[in-house]
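The structure appears right after this line, and notes come after that.
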Amino acid sequence: MADFSVIIVSYNVRDYLRQCLRSLLRSLAGFDAEIIVVDNNSPDGSVVMVQREFPSVSLVTNRENRGFARASNQGLGMASGRWIALVNPDTLIMDDTFQVCVDFLEGHPEAGMAGCKIINPDGTLQPACRRSYPTPWVAFTKLAGLSALFPKSRLFGRYNVTYLDENEISEVEAISGSFMVVRREAAEQAGPLDESFFMYGEDLDWCFRIRARGWKIFYLPGTRIVHYKGKSGSGRSFAGLKMFYDAMYVFVRKHFTNSWSIPKPVIIAGIWIKQLLAYLIHPLAIVRYWLADCLFLQAGLAGALLIRFGDLRHWTAYLLINGVYTLVWTAVFSGAGLYGRPRPGHLTPAAAVLSGLILNAAVTFFFPQFAFSRQVLVTAAVLDTLFISGWRYLVFRILREMSKTIPGTPVILAGEEDSIRGVTRWIGDHPRCGRRILGYTVWNRGAEAGLDDVLQLGSSEDLPRLAREHRAEEIIFPFEKVQEKTILLTLFACRTDHIDTAVAVPDPGHITGFAPAYMSCGGRVLTYSPALYREVNACCKRVFDLAVAIILLPVWAAAAILAALDPRRGREMVRISDGGRSFIGIRRFCRDGRPAEGLFETLSFLPAVFRGTMSVCGTAPSLYTDAATGYGCKPGLIDICAAAGVTAHGMTIPAVRCVHDYVYHYSIATDVKLLLKAITPGKR
């Protein structure tokens, strides 16, 4: 009999499953263990990945999505271990997790099931890792918000037992199905999972039945896992919401409608009302920033009208103009990255409002019928700057206050074992540096660093995705192994997420080619902040690109008409490197089946400039291949390397240096000079 049988039900989460299996193999080292993966007909290549990279894993492939409960029961039927673990594929397991669970269960024969502390990628606790049954009273306190208002109350905080210390071992009624270790005897007595639950609720029902057989369930905070909540299910989609509330209905109907005096219709009506509210709130959450900006832009216009005329009698006369101006402004806000994570600064919103003002003024130049009173327009812009900056600042302060329970800037380390270990030790020895390590990545897929107490998150190739998932604010590279191109590519991929990149160095005097924006921790960690990726410059560059694109639009339209009328000319779809590790689709002008040259080739890329996937000034557009990566700078109509006399073919070191200089020392004057040089090639 094996020590452990680990069962994973997977659906369409190949990359998460890969990292989960790697962490499992590390954590199960020393145990006689079997890992059973039940795949519910994933279309993303999960089956091939498991067969190729993890041949020791027992794989079950279903021809349809059978749901979590049915698929888990397939794994339970194959399990032979003394201990059975249900693990979600979107989790990362610490090296000591299974050892901690086994030690506790062997020392407590009354314990039939145990779960550990489960944290979100940003390090916060997932409350669902310990909870109570949703009795009518407990469910009411949750639905009414009383559990959130009074989390430390034993009367109102029972849903997620928030009145208990999250760092103390506790007996609880239920734990999360994303990670649960079960004694074989308890699992056999309780029976398989109830297959009337397709997804959600089956773990709660299993906990209920295990406790009904006299076993106890414990929460063990001595070890932890990371859970990318929602990645293995339907997430926050409407289908996911429906499955969640359907599961709640099944659980309540099965266990509580006959044992409580509350009429069944009342309980079901409460679930339906909560489900309806979730449906109404869900779509609004996607566009909440945009709606807030629209609201404050209207407030700015109202204030400007009151200042100019003393009342709002002219409001209706501005309705059409107001709509156009609002769309232009919010489009600029989107291009400036204001719809990402809230930031403390006020300069970027102010620059975005100013840029929108310039574009709106340009619109009125071409279309006088859309002109505001100039005093109204300028006054509204001033008020919009205050409003748009102010509400973001308040949101940032509120979120920062809410996150003070976990101090320190969340960071991810990227490098090789020795370098990462040194940086980890140094940050631990200098708590005043204000950094909190979320985990680390290694250069090559499958590489193992095996650092104690630090979670391996995956491969450095996936750094941008991992940084977003874990809500990291900084990525730290060890200086000994860092390359300029690596930093540029990472910054490029993370540029809209406001994630900084830092270099850990033994001596700042060793830095060559890197001019850090600031130093902290006694000069040992240097944050690399190129001018191009600063929010104000990025906003100005975007406005410059749009202005040039608008001027060239008539020329592009003429070329498109010529391509449509001339049978020798046409347009073909090609894939162009996006400047990072991916590509963009471009419909390029061609003639007689060959790519157009000169002005026609340049005009091919103009729609991409409008979309923001290309720029006026950048690297030369090059055909994308899986083996090639960009330079960390968008492709452009004007090649910055050619303008500097550098040959970019073959990703040469001089070309990387040229791009680095452009990215680091960028100002809007740089693009203006390059544009003037391009249109006046005979002048210097």
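So you can find residues: chains in the structure tokens are A, B, ... in the order shown, residues in each start at 1, and ligands are numbered from 1 in order.
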
Non-local contacts of Tyr163 (chain A) (7 Å; only C-alpha atoms; under 2 positions in same chain excluded) as an mmCIF file with N, CA, C and O atoms, in the first residue's frame:
data_model
loop_
_atom_site.group_PDB
_atom_site.id
_atom_site.type_symbol
_atom_site.label_atom_id
_atom_site.label_comp_id
_atom_site.auth_asym_id
_atom_site.auth_seq_id
_atom_site.Cartn_x
_atom_site.Cartn_y
_atom_site.Cartn_z
ATOM 1 N N PRO A 151 -16.179 40.600 11.642
ATOM 2 C CA PRO A 151 -15.445 39.346 11.413
ATOM 3 C C PRO A 151 -14.977 38.668 12.696
ATOM 4 O O PRO A 151 -14.770 37.451 12.697
ATOM 5 N N LYS A 152 -14.792 39.411 13.781
ATOM 6 C CA LYS A 152 -14.288 38.823 15.021
ATOM 7 C C LYS A 152 -15.397 38.346 15.947
ATOM 8 O O LYS A 152 -15.130 37.853 17.039
ATOM 9 N N SER A 153 -16.634 38.482 15.508
ATOM 10 C CA SER A 153 -17.770 38.067 16.328
ATOM 11 C C SER A 153 -18.057 36.585 16.122
ATOM 12 O O SER A 153 -18.176 36.120 14.986
ATOM 13 N N ARG A 154 -18.195 35.836 17.227
ATOM 14 C CA ARG A 154 -18.554 34.426 17.123
ATOM 15 C C ARG A 154 -19.994 34.255 16.644
ATOM 16 O O ARG A 154 -20.348 33.198 16.127
ATOM 17 N N GLY A 157 -19.427 35.892 12.633
ATOM 18 C CA GLY A 157 -18.265 35.534 11.827
ATOM 19 C C GLY A 157 -18.064 34.049 11.639
ATOM 20 O O GLY A 157 -16.940 33.601 11.394
ATOM 21 N N VAL A 161 -15.250 31.383 9.932
ATOM 22 C CA VAL A 161 -14.678 31.354 11.292
ATOM 23 C C VAL A 161 -13.556 32.384 11.423
ATOM 24 O O VAL A 161 -12.458 32.096 11.904
ATOM 25 N N ASP A 165 -7.867 32.669 15.218
ATOM 26 C CA ASP A 165 -6.546 33.109 14.774
ATOM 27 C C ASP A 165 -6.114 32.263 13.581
ATOM 28 O O ASP A 165 -6.086 31.028 13.663
#

* Asked: Residues at most 8 Å from region 86-95 of chain A, counting only C-alpha atoms, excluding those fewer than 2 positions away in the same chain, as an MDAnalysis selection string?
  -> chainID A and resid 6:10 13 16:17 19:21 23:24 26:28 72 84 97:98 177:181 223:229 231:232 452:453 455 457

* Asked: Excluding same-chain residues fewer than 4 positions from Ala292 (chain A), what lies within 9 Å of it counting only C-alpha atoms, as a list in words?
  ->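 Contacts, in chain order: Val287, Arg288, Phe296, Leu297, Ile388 and Trp391 of chain A.
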